[in-house]
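Below is one structure, written out as structure tokens; the observations come after it.
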Amino acid sequence: MSAIERVAKMRLTRRGFIAGSGAAALAAGFPMPALAKGPVVVGTWGGDYQALLTANFEKPVLEKKGIEVIHDVGNAPPRKTKLLAERASRRGTLDVACLSDIDMFEMSQQKLFDDVDPAQVPNAKNVIKQLQKTYAIPHIYSGKVIVYNPSKMSPTSFADLVDPKFKGRIGFADGLYMQIIESAALVNGGSMSNYEPGKATLTELKKFDPRVYPSNETLAAALKSEEVWATVMWRARGFMWKKAGIPLATIAPKEGTTPIIFDAAVPKNAQNKANGWAYLDAMLDPGGQVLFADRMGYVPTVTNAKLPDDIAKEIGFTEAEQEKFNIPNYEYIAKNNSQLLEWWNKSFKA
Amino acid sequence: MSVVMEEAAGGRRRSVAPMLVGPATILVVLVLVVPMAILFRYSLNQFIPGQFMVEAVTVENYVKFFTDSYYLNVLWTTVQVAVACTVISLTLAFPVAYVLARTTSRYKSLLVILAVFPLMVGNVVRAAGWMVVLGNDGVVNSILRGIGLTAEPIKLLYTPTAVVIGIIAVVLPYMILTLQSVLEGIDYSVEEAALNLGASPSKTFFRIVFPLAMPGVLAGTVLVFILCMNAYATPVLLGGPQFKMMAPALYDQIARSTNWPFGAALAFVLMTTTLTLTILSTVFLQRRIRR
């Protein structure tokens with residue numbers, strides 16, 4: 001039958017009209033199961049993180065539920081700025097915001113997020129107790145360690161980096177200013193509630209011409225070319241760089257390791273909250289978390305995700321290391337971030 | 001009768017004028033004036049760490065800027081870089097614009113497209129290209145080491161020179177196009193007359209061509225200076241973390257420190273400085289044009 005013939009047969013008969021109207025009325029009265037549950041806008045980092053979210057959580061878990069994921073890719077500072085700028089708006093642009101634990105706490109102080117609802121995020125019951133919080137779920141975590149070139153040095157503490165032998169060979173990523181000041185503080189009588197002694201350590205280190213790089217990637221290139229030999233970084237990054245062929249080793253420093261947790265939360269003004277919660281639940285899927293660990297080196301945050309022994313040894317932390325975890329004092333950091341950044345810019349980098 | 005018609009036409013013109021100007025004015029008010037007014041209000045607020053922004057009416061953010069040598073240095077660096085880039089780009093662009101304006105080659109359109117070509121690539125991409133060229137393992141250092149001029153790489157990236165080179169590469173097409181459009185309008189017979197009367201080519205340039213091109217020089221200089229003062233991506237990528245200009249410093253305050261009041265104050269200091277210097281240079285150059 002040709003197309004013209006098909007159109008010609010579409011005559012509206014009285015019986016056909018009644019049947020058609022009846023069907024329409026039924027459809028209106030009894031909602032049909034939706035094919036898609038709509039979109040979820042996720043504010044996240046790009047690169048490997050985004051690719052792994054797509055491969056391990058979005059495609060296998062969320063696509064089946066008919067949720068379409070839209071990524072709002074960028075670094076954390078613009079994401080924080082967006083959340084703050086939209087805080088008075090009833091209709092925010094993000095349904096899920098991914099931030100580090102420090103940033104997430106700072107934003108939660110502005111009451112930007114809904115509390116995690118265990119009924120809507122069933123996987124939250126498996127979260128490691130020490131990592132639980134009311135306003136966000138912990139997605140992945142790692143710890144701050146010394147990443148170094150084993151053919152050039154073998155440090156055991158941040159204090160070992162402050163040595164004229166390593167003049168010009170210590171490099172830092174600009175974005176980790178807070179963690180570097182904290183490390184410097186801990187070897188000079190400071191604590192997780194007092195980073196001030198770190199300024200003296202870094203002033204001493206400055207005499208030995210440390211390098212500051214604009215990003216983690218540029219720091220990795222400097223480590224690869226052996227322009228610098230050591231830095232302070234997340235163990236997960238060290239793992240990734242090592243996998244990429246950079247000659248590196250990592251060590252949890254004597255003064256202890258500070259965990260870094262990458263969190264996700266649903267803003268109060270999210271437009272697709274149900275999908276936001278579904279996204280958070282998918283992020284805690286144990287299978288996806290194991291794959292994340294294998295590729296990016298971050299440790300799972302749920303107790304039911306079991307890592308293969310070789311990977312666990314490489315990226316995880318021993319019980320002794322975990323006992324020496326320095327838990328961040330988020331309140332102290334939120335209150336001092338601005339002045340510490342100013343000191344970093346004006347005194348250390350200048 | 002004709003007077004009546006002219007008056008009627010004038011009335012129509014008067015009634016049409018607001019309709020023509022209205023949409024653009026409303027748009028500018030909505031997307032520029034209102035956000036700027038809000039930002040100015042923010043600059044008078046207080047920043048209390050841990051509490052973000054607290055409502056207040058204080059000039060402490062401006063006082064902090066003008067009493068802190070670090071931020072004054074950042075502003076001074078910005079002005080120096082902007083002036084250097086503007087002068088160098090004017091010097092480099094003038095001969096190119098002159099050739100483009102005077103050439104009768106059938107490839108003229110192609111040459112104009114070539115001059116505009118860099119604008120088709122974003123600032124960030126261009127800066128990334130310069131990083132490849134100027135890095136320790138970049139093209140320049142590889143050549144220098146290859147021909148045995150240096151054993152160790154020379155630091156080219158993350159220096160003020162790299163920033164100036166990068167910004168000039170961004171603004172040069174704007175200067176060329178602005179100058180070319182004005183030079184096109186200068187009658188070549190004026191130059192020929194000067195040469196016929198015995199003026200040397202350099203005298204013809206400095207006494208005839210350059211003064212006649214002053215409106216283009218003024219427009220190009222102002223446009224490029226404003227772009228340089230507000231440069232962000234190039235200083236961040238090529239200047240590195242130690243090198244600070246106003247736009248990256250402003251970003252630091254708003255995005256990294258979440259200190260919006262001080263960030264807003266920096267924005268207004270940058271805008272006021274740019275505006276003041278632009279007005280001063282315009283007045284100065286216009287006086288020279290009149291002479």
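Letters A, B, ... go to the chains of the structure tokens in the order shown; residues in each chain start at 1; ligands are counted from 1 in the same order.
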Dump as a Markdown table the rows for residues of chain B within 6 Å of chain A: closest atom pair and distance in Å with one decimal, only C-alpha atoms counted, ordered by chain and rising residue number.
| residue | atom | partner | partner_atom | distance |
| --- | --- | --- | --- | --- |
| B:Pro49 | CA | A:Lys335 | CA | 4.6 |
| B:Gly50 | CA | A:Lys335 | CA | 4.6 |
| B:Gly240 | CA | A:Pro214 | CA | 5.7 |
| B:Pro241 | CA | A:Pro214 | CA | 5.3 |
| B:Gln242 | CA | A:Lys349 | CA | 5.4 |
| B:Ala255 | CA | A:Pro77 | CA | 4.7 |
| B:Arg256 | CA | A:Pro77 | CA | 5.6 |
| B:Ser257 | CA | A:Ser338 | CA | 4.9 |
| said: Just want the 12 Å neighbourhood of Trp76 (chain B), counted on only C-alpha atoms, with same-chain residues fewer than 2 positions away dropped. Output as number ranges by chain. | reply: B: 66, 69-74, 78-83, 229, 244-246, 269-270, 273-274
| request: For Ala278 (chain A), please output as a ChimeraX atom specification all residues within 8 Å (counting only C-alpha atoms; exclusion window: fewer than 6 positions along the same chain). | output: /A:62,120-121
| said: Taking 5 positions as the minimum chain separation for residues in the same chain, which residues sit within 10 Å of region 143-159 of chain B when counting only C-alpha atoms? Answer as JSON, numbers by chain. | reply: {"A": [213, 214], "B": [130, 131, 132, 133, 134, 135, 136, 137, 138, 164, 235, 236, 237, 238, 239, 240, 241, 242, 243]}
Keeping only N, CA and C atoms, write those residues as an mmCIF file, in the first residue's frame.
data_model
loop_
_atom_site.group_PDB
_atom_site.id
_atom_site.type_symbol
_atom_site.label_atom_id
_atom_site.label_comp_id
_atom_site.auth_asym_id
_atom_site.auth_seq_id
_atom_site.Cartn_x
_atom_site.Cartn_y
_atom_site.Cartn_z
ATOM 1 N N TYR A 213 52.698 24.909 40.445
ATOM 2 C CA TYR A 213 52.141 24.688 39.104
ATOM 3 C C TYR A 213 50.647 25.005 39.106
ATOM 4 N N PRO A 214 50.142 25.500 37.958
ATOM 5 C CA PRO A 214 48.748 25.944 37.940
ATOM 6 C C PRO A 214 47.720 24.822 38.062
ATOM 7 N N TRP B 130 50.441 28.060 22.851
ATOM 8 C CA TRP B 130 51.650 28.742 23.316
ATOM 9 C C TRP B 130 52.356 27.928 24.404
ATOM 10 N N MET B 131 51.567 27.218 25.220
ATOM 11 C CA MET B 131 52.179 26.374 26.260
ATOM 12 C C MET B 131 53.045 25.294 25.613
ATOM 13 N N VAL B 132 52.547 24.754 24.495
ATOM 14 C CA VAL B 132 53.311 23.723 23.785
ATOM 15 C C VAL B 132 54.590 24.338 23.195
ATOM 16 N N VAL B 133 54.470 25.564 22.730
ATOM 17 C CA VAL B 133 55.623 26.219 22.104
ATOM 18 C C VAL B 133 56.664 26.627 23.154
ATOM 19 N N LEU B 134 56.181 27.173 24.292
ATOM 20 C CA LEU B 134 57.104 27.801 25.245
ATOM 21 C C LEU B 134 57.519 26.915 26.426
ATOM 22 N N GLY B 135 56.927 25.756 26.570
ATOM 23 C CA GLY B 135 57.224 24.874 27.713
ATOM 24 C C GLY B 135 58.680 24.418 27.735
ATOM 25 N N ASN B 136 59.079 23.836 28.876
ATOM 26 C CA ASN B 136 60.462 23.356 29.002
ATOM 27 C C ASN B 136 60.811 22.312 27.943
ATOM 28 N N ASP B 137 59.809 21.483 27.615
ATOM 29 C CA ASP B 137 60.033 20.502 26.547
ATOM 30 C C ASP B 137 59.351 20.964 25.267
ATOM 31 N N GLY B 138 59.102 22.264 25.175
ATOM 32 C CA GLY B 138 58.367 22.805 24.030
ATOM 33 C C GLY B 138 59.235 22.991 22.805
ATOM 34 N N VAL B 164 52.730 38.504 27.732
ATOM 35 C CA VAL B 164 52.672 39.591 26.739
ATOM 36 C C VAL B 164 52.565 39.004 25.335
ATOM 37 N N PRO B 235 46.751 35.193 31.007
ATOM 38 C CA PRO B 235 47.615 35.301 32.193
ATOM 39 C C PRO B 235 47.584 34.051 33.070
ATOM 40 N N VAL B 236 46.414 33.417 33.180
ATOM 41 C CA VAL B 236 46.324 32.218 34.033
ATOM 42 C C VAL B 236 47.165 31.081 33.443
ATOM 43 N N LEU B 237 47.017 30.869 32.132
ATOM 44 C CA LEU B 237 47.673 29.707 31.518
ATOM 45 C C LEU B 237 49.150 29.946 31.211
ATOM 46 N N LEU B 238 49.501 31.160 30.816
ATOM 47 C CA LEU B 238 50.890 31.413 30.423
ATOM 48 C C LEU B 238 51.705 32.090 31.536
ATOM 49 N N GLY B 239 51.012 32.762 32.437
ATOM 50 C CA GLY B 239 51.727 33.459 33.522
ATOM 51 C C GLY B 239 51.997 32.561 34.705
ATOM 52 N N GLY B 240 51.194 31.507 34.834
ATOM 53 C CA GLY B 240 51.392 30.590 35.956
ATOM 54 C C GLY B 240 50.850 31.150 37.255
ATOM 55 N N PRO B 241 50.967 30.363 38.318
ATOM 56 C CA PRO B 241 50.348 30.770 39.590
ATOM 57 C C PRO B 241 50.986 31.997 40.229
ATOM 58 N N GLN B 242 52.266 32.252 39.924
ATOM 59 C CA GLN B 242 52.937 33.385 40.585
ATOM 60 C C GLN B 242 52.578 34.732 39.956
ATOM 61 N N PHE B 243 52.157 34.716 38.715
ATOM 62 C CA PHE B 243 51.905 35.964 38.000
ATOM 63 C C PHE B 243 50.427 36.332 38.137
#
| said: Neighbouring residues of region 60-63 of chain B were defined as those with any atom within 9 Å, considering only C-alpha atoms; residues of the same chain fewer than 4 positions away were excluded. Please report them as a PyMOL selection string. | reply: chain B and resi 43-47+67-68+261-266+269
| query | Hey, which of A:Val162, A:Asn326, A:Gly287, A:Leu307 ends up closest to Gly190 (chain A)? Count only C-alpha atoms. | reply | A:Asn326
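Inside region 15-254 of chain B, the residues DSSP reads as strand (DSSP E) when given the backbone are Gln46, Phe47, Ile48, Phe52, Met53 and Val54 of chain B.
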Would you write out, as CSV, a table of all residues in region 150-180 of chain B that have an atom no more than 10 Å from an atom of region 193-217 of chain B, listing for each the closest atom pair and the distance in Å to one decimal, considering only C-alpha atoms and ordering rows by chain and rising residue number?
residue,atom,partner,partner_atom,distance
B:Met175,CA,B:Val217,CA,8.2
B:Ile176,CA,B:Gly216,CA,9.7
B:Leu177,CA,B:Gly216,CA,9.4
B:Thr178,CA,B:Gly216,CA,5.9
B:Leu179,CA,B:Gly216,CA,4.9
B:Gln180,CA,B:Gly216,CA,8.0
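Put simply, CA of Val125 (chain B) is 19.1 Å away from CA of Ile113 (chain B).
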| request: Point out the residue among B:Leu277, B:Val163, B:Leu227, B:Leu285 with the least atom-to-atom distance to Thr86 (chain B), counting only C-alpha atoms. | output: B:Leu227
| task | Report as a count of residues only: the residues of region 36-207 of chain A with a DSSP assignment of helix (DSSP H, G or I), based on the backbone of this structure. | result | 75
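Using only C-alpha atoms for every distance, the candidate list B:Gly129, B:Gly185, B:Pro173, B:Pro248 yields B:Pro173 as the residue closest to Leu92 (chain B).
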| task | Please identify all polymer residues within 10 Å of Glu196 (chain A), counting only C-alpha atoms, omitting same-chain residues fewer than 2 positions from it, and present them as a ChimeraX atom specification. | result | /A:181-182,184-186,188-191,193-194,198-201,336,340
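Atom to atom, CA of Gly288 (chain A) and CA of Asn56 (chain A) stand 4.7 Å apart.
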